[in-house]
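Chemist: Here you go, this is target_26.json (JSON, C-alpha atoms).
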[["chain", "number", "residue", "atom", "x", "y", "z"],
["A", 1, "MET", "CA", 0.00, 0.00, 0.00],
["A", 2, "SER", "CA", 0.93, 3.65, -0.29],
["A", 3, "VAL", "CA", 1.08, 5.13, 3.23],
["A", 4, "LEU", "CA", 1.72, 8.71, 4.34],
["A", 5, "ILE", "CA", 3.05, 9.13, 7.88],
["A", 6, "THR", "CA", 2.77, 12.64, 9.27],
["A", 7, "GLY", "CA", 5.44, 13.18, 11.90],
["A", 8, "GLY", "CA", 7.26, 10.22, 10.38],
["A", 9, "ALA", "CA", 10.70, 11.39, 11.48],
["A", 10, "GLY", "CA", 9.66, 11.30, 15.13],
["A", 11, "PHE", "CA", 9.79, 8.51, 17.69],
["A", 12, "ILE", "CA", 6.71, 6.47, 16.82],
["A", 13, "GLY", "CA", 6.70, 7.54, 13.18],
["A", 14, "SER", "CA", 10.23, 6.37, 12.44],
["A", 15, "ASN", "CA", 9.61, 3.02, 14.13],
["A", 16, "LEU", "CA", 6.45, 2.61, 12.07],
["A", 17, "ALA", "CA", 8.21, 3.64, 8.86],
["A", 18, "ARG", "CA", 10.91, 0.98, 9.38],
["A", 19, "ARG", "CA", 8.30, -1.72, 9.79],
["A", 20, "LEU", "CA", 6.21, -0.65, 6.81],
["A", 21, "VAL", "CA", 9.24, -0.42, 4.52],
["A", 22, "ALA", "CA", 10.42, -3.86, 5.69],
["A", 23, "GLU", "CA", 7.00, -5.28, 4.81],
["A", 24, "GLY", "CA", 7.04, -3.81, 1.31],
["A", 25, "HIS", "CA", 4.73, -0.81, 1.67],
["A", 26, "ARG", "CA", 5.47, 2.46, -0.13],
["A", 27, "VAL", "CA", 6.06, 5.07, 2.54],
["A", 28, "THR", "CA", 6.01, 8.86, 2.35],
["A", 29, "ILE", "CA", 6.96, 10.90, 5.40],
["A", 30, "LEU", "CA", 5.73, 14.42, 6.03],
["A", 31, "ASP", "CA", 7.66, 16.18, 8.77],
["A", 32, "ASP", "CA", 8.84, 19.72, 9.49],
["A", 33, "PHE", "CA", 11.71, 18.35, 11.62],
["A", 34, "SER", "CA", 10.86, 20.61, 14.54],
["A", 35, "THR", "CA", 11.20, 17.62, 16.88],
["A", 36, "GLY", "CA", 11.68, 14.67, 14.51],
["A", 37, "LEU", "CA", 15.17, 14.24, 13.10],
["A", 38, "ARG", "CA", 16.46, 13.40, 9.65],
["A", 39, "SER", "CA", 18.90, 10.96, 11.21],
["A", 40, "ASN", "CA", 15.94, 8.84, 12.32],
["A", 41, "ILE", "CA", 15.00, 8.05, 8.72],
["A", 42, "GLU", "CA", 18.13, 8.67, 6.64],
["A", 43, "SER", "CA", 18.74, 4.95, 6.11],
["A", 44, "LEU", "CA", 15.16, 4.22, 5.01],
["A", 45, "SER", "CA", 13.85, 3.95, 1.46],
["A", 46, "VAL", "CA", 11.11, 6.55, 1.87],
["A", 47, "SER", "CA", 9.96, 9.74, 0.19],
["A", 48, "VAL", "CA", 10.18, 12.83, 2.39],
["A", 49, "ILE", "CA", 8.06, 15.99, 2.30],
["A", 50, "ASP", "CA", 9.64, 18.75, 4.40],
["A", 51, "SER", "CA", 6.51, 20.53, 5.60],
["A", 52, "SER", "CA", 4.11, 20.92, 8.51],
["A", 53, "VAL", "CA", 0.56, 19.63, 8.76],
["A", 54, "GLU", "CA", -0.32, 23.26, 9.39],
["A", 55, "HIS", "CA", 0.44, 23.87, 5.70],
["A", 56, "LEU", "CA", -0.91, 20.62, 4.28],
["A", 57, "ASN", "CA", -3.33, 22.01, 1.73],
["A", 58, "ASP", "CA", -1.74, 21.07, -1.59],
["A", 59, "VAL", "CA", -2.45, 17.47, -2.54],
["A", 60, "SER", "CA", -0.07, 17.75, -5.48],
["A", 61, "MET", "CA", 2.82, 17.27, -3.05],
["A", 62, "LEU", "CA", 1.47, 13.85, -2.05],
["A", 63, "PRO", "CA", 2.02, 10.51, -3.78],
["A", 64, "GLU", "CA", -0.60, 9.30, -6.25],
["A", 65, "ASN", "CA", -3.04, 6.57, -5.23],
["A", 66, "LEU", "CA", -2.53, 7.22, -1.51],
["A", 67, "ASP", "CA", -4.21, 4.46, 0.50],
["A", 68, "ALA", "CA", -3.75, 5.51, 4.12],
["A", 69, "ILE", "CA", -2.56, 8.42, 6.26],
["A", 70, "VAL", "CA", -1.18, 7.66, 9.72],
["A", 71, "HIS", "CA", -1.45, 11.03, 11.43],
["A", 72, "LEU", "CA", 1.17, 11.15, 14.18],
["A", 73, "ALA", "CA", 2.37, 14.74, 13.76],
["A", 74, "ALA", "CA", 1.55, 16.76, 16.87],
["A", 75, "ARG", "CA", 2.87, 19.33, 19.25],
["A", 76, "GLY", "CA", 3.26, 17.03, 22.22],
["A", 77, "SER", "CA", 3.66, 17.46, 25.98],
["A", 78, "VAL", "CA", 1.16, 18.70, 28.54],
["A", 79, "PRO", "CA", 3.60, 21.25, 30.08],
["A", 80, "ARG", "CA", 4.48, 22.68, 26.67],
["A", 81, "SER", "CA", 0.80, 23.06, 25.79],
["A", 82, "ILE", "CA", 0.23, 25.01, 28.99],
["A", 83, "ALA", "CA", 3.11, 27.30, 28.07],
["A", 84, "GLU", "CA", 2.11, 27.58, 24.38],
["A", 85, "PRO", "CA", -1.62, 26.87, 23.94],
["A", 86, "LEU", "CA", -2.09, 28.65, 20.61],
["A", 87, "ALA", "CA", 0.80, 26.82, 18.96],
["A", 88, "THR", "CA", -0.58, 23.55, 20.31],
["A", 89, "HIS", "CA", -3.98, 24.30, 18.80],
["A", 90, "SER", "CA", -2.52, 25.28, 15.43],
["A", 91, "VAL", "CA", -0.59, 22.03, 14.97],
["A", 92, "ASN", "CA", -2.89, 19.59, 16.73],
["A", 93, "VAL", "CA", -6.32, 20.85, 15.70],
["A", 94, "THR", "CA", -5.87, 22.82, 12.48],
["A", 95, "GLY", "CA", -3.23, 20.32, 11.36],
["A", 96, "THR", "CA", -5.60, 17.41, 11.93],
["A", 97, "LEU", "CA", -8.36, 19.19, 10.03],
["A", 98, "ASN", "CA", -5.94, 19.66, 7.12],
["A", 99, "VAL", "CA", -5.06, 15.95, 7.15],
["A", 100, "LEU", "CA", -8.74, 14.96, 7.08],
["A", 101, "GLU", "CA", -9.45, 17.37, 4.26],
["A", 102, "VAL", "CA", -6.63, 15.89, 2.21],
["A", 103, "ALA", "CA", -7.91, 12.39, 2.96],
["A", 104, "ARG", "CA", -11.38, 13.43, 1.77],
["A", 105, "ARG", "CA", -9.98, 14.78, -1.49],
["A", 106, "VAL", "CA", -7.74, 11.81, -2.34],
["A", 107, "GLY", "CA", -9.87, 9.00, -0.88],
["A", 108, "ALA", "CA", -7.44, 7.82, 1.80],
["A", 109, "ARG", "CA", -8.15, 6.23, 5.17],
["A", 110, "VAL", "CA", -6.92, 8.01, 8.30],
["A", 111, "ILE", "CA", -5.42, 6.59, 11.48],
["A", 112, "PHE", "CA", -5.29, 9.31, 14.13],
["A", 113, "SER", "CA", -3.12, 9.31, 17.25],
["A", 114, "SER", "CA", -5.10, 10.68, 20.15],
["A", 115, "SER", "CA", -4.18, 10.46, 23.82],
["A", 116, "SER", "CA", -5.35, 9.01, 27.12],
["A", 117, "SER", "CA", -5.03, 12.56, 28.46],
["A", 118, "VAL", "CA", -8.52, 13.24, 27.05],
["A", 119, "TYR", "CA", -9.93, 11.49, 30.15],
["A", 120, "GLY", "CA", -8.33, 14.16, 32.33],
["A", 121, "ALA", "CA", -10.41, 14.80, 35.43],
["A", 122, "ASN", "CA", -12.12, 11.42, 35.13],
["A", 123, "THR", "CA", -10.25, 9.43, 37.78],
["A", 124, "ASP", "CA", -12.12, 6.14, 37.36],
["A", 125, "LEU", "CA", -9.84, 3.18, 36.60],
["A", 126, "PRO", "CA", -9.33, 1.25, 34.45],
["A", 127, "LYS", "CA", -10.26, 3.41, 31.49],
["A", 128, "THR", "CA", -12.82, 2.24, 28.97],
["A", 129, "GLU", "CA", -13.64, 3.98, 25.72],
["A", 130, "SER", "CA", -17.21, 4.72, 26.87],
["A", 131, "MET", "CA", -16.09, 6.82, 29.85],
["A", 132, "TRP", "CA", -16.69, 10.56, 29.90],
["A", 133, "THR", "CA", -13.79, 12.81, 28.94],
["A", 134, "SER", "CA", -12.64, 15.98, 30.68],
["A", 135, "PRO", "CA", -9.33, 17.43, 29.39],
["A", 136, "LEU", "CA", -7.13, 19.22, 31.93],
["A", 137, "SER", "CA", -4.65, 20.78, 29.51],
["A", 138, "PRO", "CA", -4.63, 22.46, 26.09],
["A", 139, "TYR", "CA", -2.82, 19.38, 24.74],
["A", 140, "ALA", "CA", -5.59, 17.05, 25.92],
["A", 141, "ALA", "CA", -8.26, 19.40, 24.60],
["A", 142, "SER", "CA", -6.55, 19.54, 21.19],
["A", 143, "LYS", "CA", -6.50, 15.74, 20.97],
["A", 144, "LEU", "CA", -10.18, 15.50, 21.86],
["A", 145, "ALA", "CA", -10.92, 18.11, 19.19],
["A", 146, "GLY", "CA", -9.02, 15.96, 16.69],
["A", 147, "GLU", "CA", -11.15, 12.97, 17.65],
["A", 148, "GLY", "CA", -14.24, 15.06, 17.06],
["A", 149, "TYR", "CA", -13.09, 16.06, 13.59],
["A", 150, "CYS", "CA", -12.35, 12.43, 12.72],
["A", 151, "ALA", "CA", -15.88, 11.45, 13.73],
["A", 152, "ALA", "CA", -17.34, 14.39, 11.82],
["A", 153, "TYR", "CA", -15.43, 13.62, 8.62],
["A", 154, "SER", "CA", -16.36, 9.96, 8.86],
["A", 155, "GLU", "CA", -20.05, 10.82, 9.21],
["A", 156, "SER", "CA", -20.23, 13.83, 6.89],
["A", 157, "TYR", "CA", -17.90, 12.76, 4.08],
["A", 158, "GLY", "CA", -17.45, 9.02, 4.49],
["A", 159, "VAL", "CA", -13.72, 9.30, 5.29],
["A", 160, "PRO", "CA", -12.71, 5.97, 6.90],
["A", 161, "THR", "CA", -11.06, 6.75, 10.24],
["A", 162, "THR", "CA", -9.61, 4.86, 13.18],
["A", 163, "VAL", "CA", -8.66, 6.72, 16.36],
["A", 164, "PHE", "CA", -6.16, 5.31, 18.83],
["A", 165, "ARG", "CA", -5.82, 6.82, 22.28],
["A", 166, "PHE", "CA", -2.14, 6.36, 23.10],
["A", 167, "PHE", "CA", -1.16, 6.00, 26.73],
["A", 168, "ASN", "CA", 2.56, 6.10, 27.68],
["A", 169, "ILE", "CA", 4.68, 4.76, 24.83],
["A", 170, "PHE", "CA", 8.41, 4.19, 25.11],
["A", 171, "GLY", "CA", 11.24, 2.45, 23.29],
["A", 172, "PRO", "CA", 14.15, 2.96, 20.86],
["A", 173, "TRP", "CA", 14.49, 6.24, 18.97],
["A", 174, "GLN", "CA", 12.67, 8.22, 21.67],
["A", 175, "ARG", "CA", 14.54, 11.43, 22.40],
["A", 176, "PRO", "CA", 15.85, 11.92, 25.96],
["A", 177, "ASP", "CA", 17.50, 15.25, 25.39],
["A", 178, "HIS", "CA", 14.93, 18.05, 25.37],
["A", 179, "ASP", "CA", 12.92, 19.93, 27.99],
["A", 180, "TYR", "CA", 9.73, 17.95, 27.36],
["A", 181, "ALA", "CA", 11.27, 14.50, 26.99],
["A", 182, "ALA", "CA", 9.23, 11.56, 28.28],
["A", 183, "VAL", "CA", 10.16, 10.13, 31.63],
["A", 184, "ILE", "CA", 11.60, 6.74, 30.60],
["A", 185, "PRO", "CA", 14.16, 7.89, 28.01],
["A", 186, "ARG", "CA", 15.09, 10.83, 30.22],
["A", 187, "TRP", "CA", 15.73, 8.57, 33.20],
["A", 188, "ILE", "CA", 17.62, 5.94, 31.21],
["A", 189, "TRP", "CA", 19.87, 8.62, 29.76],
["A", 190, "ALA", "CA", 20.49, 10.06, 33.24],
["A", 191, "ALA", "CA", 21.35, 6.61, 34.61],
["A", 192, "LEU", "CA", 23.71, 5.88, 31.73],
["A", 193, "ASN", "CA", 25.52, 9.14, 32.44],
["A", 194, "ARG", "CA", 25.42, 8.66, 36.23],
["A", 195, "GLN", "CA", 23.31, 11.75, 36.67],
["A", 196, "PRO", "CA", 20.44, 12.08, 39.17],
["A", 197, "ILE", "CA", 16.95, 11.02, 38.15],
["A", 198, "LEU", "CA", 14.52, 13.96, 38.42],
["A", 199, "LEU", "CA", 11.21, 12.78, 39.86],
["A", 200, "ASP", "CA", 8.18, 15.07, 39.63],
["A", 201, "GLY", "CA", 5.99, 14.38, 42.68],
["A", 202, "ASP", "CA", 6.35, 11.51, 45.11],
["A", 203, "GLY", "CA", 6.61, 8.74, 42.51],
["A", 204, "THR", "CA", 3.36, 7.02, 43.39],
["A", 205, "GLN", "CA", 1.84, 8.19, 40.10],
["A", 206, "THR", "CA", 1.00, 5.24, 37.86],
["A", 207, "ARG", "CA", 1.06, 4.85, 34.10],
["A", 208, "ASP", "CA", 0.04, 2.21, 31.57],
["A", 209, "PHE", "CA", 3.38, 1.95, 29.76],
["A", 210, "THR", "CA", 3.36, 0.38, 26.29],
["A", 211, "TYR", "CA", 6.38, -0.63, 24.20],
["A", 212, "VAL", "CA", 6.64, 1.05, 20.81],
["A", 213, "ASP", "CA", 6.94, -2.25, 18.91],
["A", 214, "THR", "CA", 3.54, -3.28, 20.27],
["A", 215, "VAL", "CA", 2.06, 0.02, 19.13],
["A", 216, "VAL", "CA", 3.57, -0.48, 15.68],
["A", 217, "ASP", "CA", 2.15, -4.03, 15.55],
["A", 218, "THR", "CA", -1.30, -2.59, 16.19],
["A", 219, "ILE", "CA", -1.08, 0.22, 13.65],
["A", 220, "VAL", "CA", 0.29, -2.06, 10.93],
["A", 221, "SER", "CA", -2.55, -4.50, 11.58],
["A", 222, "ALA", "CA", -5.04, -1.65, 11.16],
["A", 223, "ILE", "CA", -3.41, -0.63, 7.87],
["A", 224, "ASP", "CA", -3.21, -4.16, 6.47],
["A", 225, "ARG", "CA", -6.84, -4.89, 7.37],
["A", 226, "GLU", "CA", -8.05, -1.51, 6.07],
["A", 227, "LEU", "CA", -9.71, -0.99, 9.44],
["A", 228, "ASN", "CA", -12.45, 1.59, 9.83],
["A", 229, "HIS", "CA", -13.50, 1.68, 13.47],
["A", 230, "PRO", "CA", -16.41, 3.90, 14.52],
["A", 231, "LEU", "CA", -15.19, 4.64, 18.06],
["A", 232, "PRO", "CA", -11.79, 5.50, 19.61],
["A", 233, "ILE", "CA", -9.68, 2.56, 20.79],
["A", 234, "ASN", "CA", -7.45, 2.82, 23.85],
["A", 235, "LEU", "CA", -4.00, 1.52, 22.89],
["A", 236, "ALA", "CA", -2.60, 0.11, 26.12],
["A", 237, "PHE", "CA", -2.75, -3.32, 27.71],
["A", 238, "GLY", "CA", -3.75, -2.76, 31.33],
["A", 239, "ASN", "CA", -0.43, -2.10, 33.05],
["A", 240, "ARG", "CA", -0.47, 0.07, 36.15],
["A", 241, "ILE", "CA", 3.15, 0.80, 36.93],
["A", 242, "SER", "CA", 4.23, 3.47, 39.38],
["A", 243, "LEU", "CA", 7.18, 5.74, 38.72],
["A", 244, "LEU", "CA", 8.84, 4.28, 41.82],
["A", 245, "GLU", "CA", 8.49, 0.84, 40.23],
["A", 246, "VAL", "CA", 10.14, 2.16, 37.07],
["A", 247, "ILE", "CA", 13.08, 3.37, 39.17],
["A", 248, "GLY", "CA", 13.24, -0.04, 40.83],
["A", 249, "GLU", "CA", 13.35, -1.81, 37.45],
["A", 250, "LEU", "CA", 16.10, 0.54, 36.26],
["A", 251, "GLU", "CA", 18.11, -0.18, 39.40],
["A", 252, "ARG", "CA", 17.72, -3.91, 38.71],
["A", 253, "ILE", "CA", 18.91, -3.47, 35.12],
["A", 254, "PHE", "CA", 21.85, -1.23, 36.04],
["A", 255, "GLY", "CA", 22.73, -3.24, 39.13],
["A", 256, "ARG", "CA", 23.06, -0.23, 41.41],
["A", 257, "THR", "CA", 21.10, 2.31, 43.41],
["A", 258, "LEU", "CA", 20.18, 5.39, 41.40],
["A", 259, "GLU", "CA", 20.26, 8.92, 42.83],
["A", 260, "VAL", "CA", 16.77, 10.45, 42.81],
["A", 261, "GLN", "CA", 15.96, 14.15, 43.18],
["A", 262, "LYS", "CA", 12.33, 14.99, 43.82],
["A", 263, "ARG", "CA", 10.59, 18.05, 42.37],
["A", 264, "PRO", "CA", 7.04, 19.43, 42.75],
["A", 265, "ARG", "CA", 4.26, 17.65, 40.89],
["A", 266, "ARG", "CA", 3.61, 19.06, 37.42],
["A", 267, "THR", "CA", 0.53, 21.17, 36.72],
["A", 268, "ALA", "CA", -2.34, 19.22, 35.09],
["A", 269, "ASP", "CA", -0.47, 15.95, 35.61],
["A", 270, "VAL", "CA", -2.92, 13.03, 35.82],
["A", 271, "PRO", "CA", -2.06, 11.02, 38.96],
["A", 272, "HIS", "CA", -3.01, 7.56, 37.70],
["A", 273, "SER", "CA", -3.59, 5.88, 34.37],
["A", 274, "GLN", "CA", -4.60, 2.36, 33.36],
["A", 275, "ASN", "CA", -6.54, 0.98, 30.43],
["A", 276, "ASP", "CA", -9.10, -1.78, 30.22],
["A", 277, "PRO", "CA", -7.86, -3.53, 27.04],
["A", 278, "THR", "CA", -11.10, -5.41, 26.35],
["A", 279, "LEU", "CA", -11.91, -3.51, 23.15],
["A", 280, "LEU", "CA", -8.28, -3.46, 22.00],
["A", 281, "ASN", "CA", -7.93, -7.21, 22.46],
["A", 282, "SER", "CA", -11.20, -7.88, 20.64],
["A", 283, "VAL", "CA", -10.24, -5.78, 17.60],
["A", 284, "PHE", "CA", -6.57, -6.90, 17.57],
["A", 285, "PRO", "CA", -6.58, -10.44, 18.97],
["A", 286, "THR", "CA", -3.25, -11.36, 17.33],
["A", 287, "VAL", "CA", -1.25, -8.50, 18.91],
["A", 288, "THR", "CA", 0.71, -9.69, 21.94],
["A", 289, "PRO", "CA", 2.28, -6.93, 24.08],
["A", 290, "VAL", "CA", 5.92, -7.05, 25.15],
["A", 291, "SER", "CA", 6.16, -7.19, 28.95],
["A", 292, "PHE", "CA", 7.32, -4.03, 30.70],
["A", 293, "PRO", "CA", 10.56, -5.48, 32.18],
["A", 294, "GLU", "CA", 11.59, -6.93, 28.81],
["A", 295, "ALA", "CA", 10.68, -3.74, 26.94],
["A", 296, "LEU", "CA", 12.56, -1.58, 29.43],
["A", 297, "GLY", "CA", 15.61, -3.81, 29.12],
["A", 298, "ARG", "CA", 15.50, -3.58, 25.32],
["A", 299, "THR", "CA", 15.26, 0.20, 25.52],
["A", 300, "VAL", "CA", 18.21, 0.48, 27.91],
["A", 301, "GLU", "CA", 20.29, -1.77, 25.66],
["A", 302, "TRP", "CA", 19.41, 0.28, 22.60],
["A", 303, "MET", "CA", 20.40, 3.55, 24.29],
["A", 304, "ARG", "CA", 23.56, 1.98, 25.66],
["A", 305, "SER", "CA", 24.51, 0.58, 22.25],
["A", 306, "ASN", "CA", 23.94, 3.91, 20.51],
["A", 307, "GLY", "CA", 26.13, 5.75, 22.99],
["A", 308, "PRO", "CA", 26.31, 9.56, 22.69],
["A", 309, "ALA", "CA", 24.16, 9.52, 19.56],
["A", 310, "ALA", "CA", 21.18, 8.32, 21.61],
["A", 311, "GLY", "CA", 21.27, 11.60, 23.53],
["A", 312, "SER", "CA", 21.05, 13.73, 20.41],
["A", 313, "LEU", "CA", 18.70, 11.80, 18.17]]
Using structure tokens, write down the structure from this file.
Modeler:
Amino acid sequence: MSVLITGGAGFIGSNLARRLVAEGHRVTILDDFSTGLRSNIESLSVSVIDSSVEHLNDVSMLPENLDAIVHLAARGSVPRSIAEPLATHSVNVTGTLNVLEVARRVGARVIFSSSSSVYGANTDLPKTESMWTSPLSPYAASKLAGEGYCAAYSESYGVPTTVFRFFNIFGPWQRPDHDYAAVIPRWIWAALNRQPILLDGDGTQTRDFTYVDTVVDTIVSAIDRELNHPLPINLAFGNRISLLEVIGELERIFGRTLEVQKRPRRTADVPHSQNDPTLLNSVFPTVTPVSFPEALGRTVEWMRSNGPAAGSL
């Protein structure tokens, strides 16, 4: 198939691109390289469009006979969205609308990456897709708006869409080196360099961590099956792992006690997260998640093997 990946030079996008190329799909990447890096995809046989989804209004730049768009491009991070709400809206909402409009014009299916943050103030656990949503940050609100546009384009124009609500994804090619880096790559990089681990809050916060290969397995299955799912699907497998447990696993892997420095809890930070994977398992029965200890070990080994380059991906 011919697949366009927006944000394809980023963490999830570059992992997905590798898999799709290996399986014989024709891949085009659209990325403005504001956070994604050319080095992530330089070895791949892909076409590259150097642009932002904010400016995606010319279908002539896209490949002919486009089958699917995996829309991963986004301005991520809850703290960054609080600092820069208008920029978050422009990329995450207007950009998503542009993607859907292109899909409508060329007849492509859309897979949209939403976020578990849309549940926000809803503290009930585990999360099911039928639960009410209540975003606590501009980032979460922008993702919920994107979901709404997917539903509207599916109903109004017949654009086939599938929405995945990502939880906490980690693995190789995830950047540890910027202000809004995710916790696992940031902590692994600190441990590798014998620097203190910076812990926001008391560490009892829990997350449903999911390995990137498992996420890629799910997305590729959706592409191959030409899935069109009417409701959002939570993409996580029911883990509830505290940040203190993550530190404990890292200490086991590194074989030593890690220095931890505590900081105040972040604004709009959801204290606990866990998915009920009933719907996910029913739609993707052949996808088997990699266990957290194994996935964490693979990620540490990848960052260790890549040395200094892993800190400047």
Chemist: From the list A:Arg240, A:Arg194, A:Arg298, A:Arg304, which residue is nearest A:Glu259 when using all atoms listed in the file?
Modeler: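 Answer, going by the shortest atom-to-atom distance: A:Arg194.
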Chemist: The centre and edge lengths of an axis-aligned box containing all atoms of stretch 226-240 of chain A present in the file, extended by 3 Å on each side, are to be given in Å to one decimal, as AutoDock Vina command-line options.
Modeler:
--center_x -8.4 --center_y 1.1 --center_z 21.1 --size_x 22.0 --size_y 14.8 --size_z 36.1
Chemist: A:Gly24, A:Ala121, A:Asp276, A:Pro185: which is nearest A:Leu136, counting all atoms listed in the file?
Modeler: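 Closest to A:Leu136, using all atoms listed in the file: A:Ala121.
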Chemist: Which one is closest to A:Pro135: A:Val212, A:Glu147, A:Val106, A:Gly120? Count all atoms listed in the file.
Modeler: A:Gly120
Chemist: Extract, using only C-alpha atoms, all DNA, RNA and protein residues at most 6 Å from stretch 168-180 of chain A, discarding same-chain residues fewer than 5 positions from it, and format them as a ChimeraX atom specification.
Modeler: /A:11,185-186,209-212,299,311,313
Chemist: Which of these residues is nearest to A:Thr218, using all atoms listed in the file: A:Trp132, A:Phe284, A:Tyr153, A:Trp302?
Modeler: A:Phe284
Chemist: For the atom pair atom CA of A:Ile29 and atom CA of A:Gly8, what is the interatomic distance in Å to one decimal place?
Modeler: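 Value for the atom CA of A:Ile29-atom CA of A:Gly8 distance: 5.0 Å.
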Chemist: Save stretch 224-265 of chain A from what I just supplied, as a short mmCIF file (atom, residue, chain, number, x, y, z; two decimals), in the first residue's frame, atoms limited to C-alpha atoms.
Modeler:
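Below is the file part.cif, written as the result:
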data_model
loop_
_atom_site.label_atom_id
_atom_site.label_comp_id
_atom_site.auth_asym_id
_atom_site.auth_seq_id
_atom_site.Cartn_x
_atom_site.Cartn_y
_atom_site.Cartn_z
CA ASP A 224 -3.21 -4.16 6.47
CA ARG A 225 -6.84 -4.89 7.37
CA GLU A 226 -8.05 -1.51 6.07
CA LEU A 227 -9.71 -0.99 9.44
CA ASN A 228 -12.45 1.59 9.83
CA HIS A 229 -13.50 1.68 13.47
CA PRO A 230 -16.41 3.90 14.52
CA LEU A 231 -15.19 4.64 18.06
CA PRO A 232 -11.79 5.50 19.61
CA ILE A 233 -9.68 2.56 20.79
CA ASN A 234 -7.45 2.82 23.85
CA LEU A 235 -4.00 1.52 22.89
CA ALA A 236 -2.60 0.11 26.12
CA PHE A 237 -2.75 -3.32 27.71
CA GLY A 238 -3.75 -2.76 31.33
CA ASN A 239 -0.43 -2.10 33.05
CA ARG A 240 -0.47 0.07 36.15
CA ILE A 241 3.15 0.80 36.93
CA SER A 242 4.23 3.47 39.38
CA LEU A 243 7.18 5.74 38.72
CA LEU A 244 8.84 4.28 41.82
CA GLU A 245 8.49 0.84 40.23
CA VAL A 246 10.14 2.16 37.07
CA ILE A 247 13.08 3.37 39.17
CA GLY A 248 13.24 -0.04 40.83
CA GLU A 249 13.35 -1.81 37.45
CA LEU A 250 16.10 0.54 36.26
CA GLU A 251 18.11 -0.18 39.40
CA ARG A 252 17.72 -3.91 38.71
CA ILE A 253 18.91 -3.47 35.12
CA PHE A 254 21.85 -1.23 36.04
CA GLY A 255 22.73 -3.24 39.13
CA ARG A 256 23.06 -0.23 41.41
CA THR A 257 21.10 2.31 43.41
CA LEU A 258 20.18 5.39 41.40
CA GLU A 259 20.26 8.92 42.83
CA VAL A 260 16.77 10.45 42.81
CA GLN A 261 15.96 14.15 43.18
CA LYS A 262 12.33 14.99 43.82
CA ARG A 263 10.59 18.05 42.37
CA PRO A 264 7.04 19.43 42.75
CA ARG A 265 4.26 17.65 40.89
#
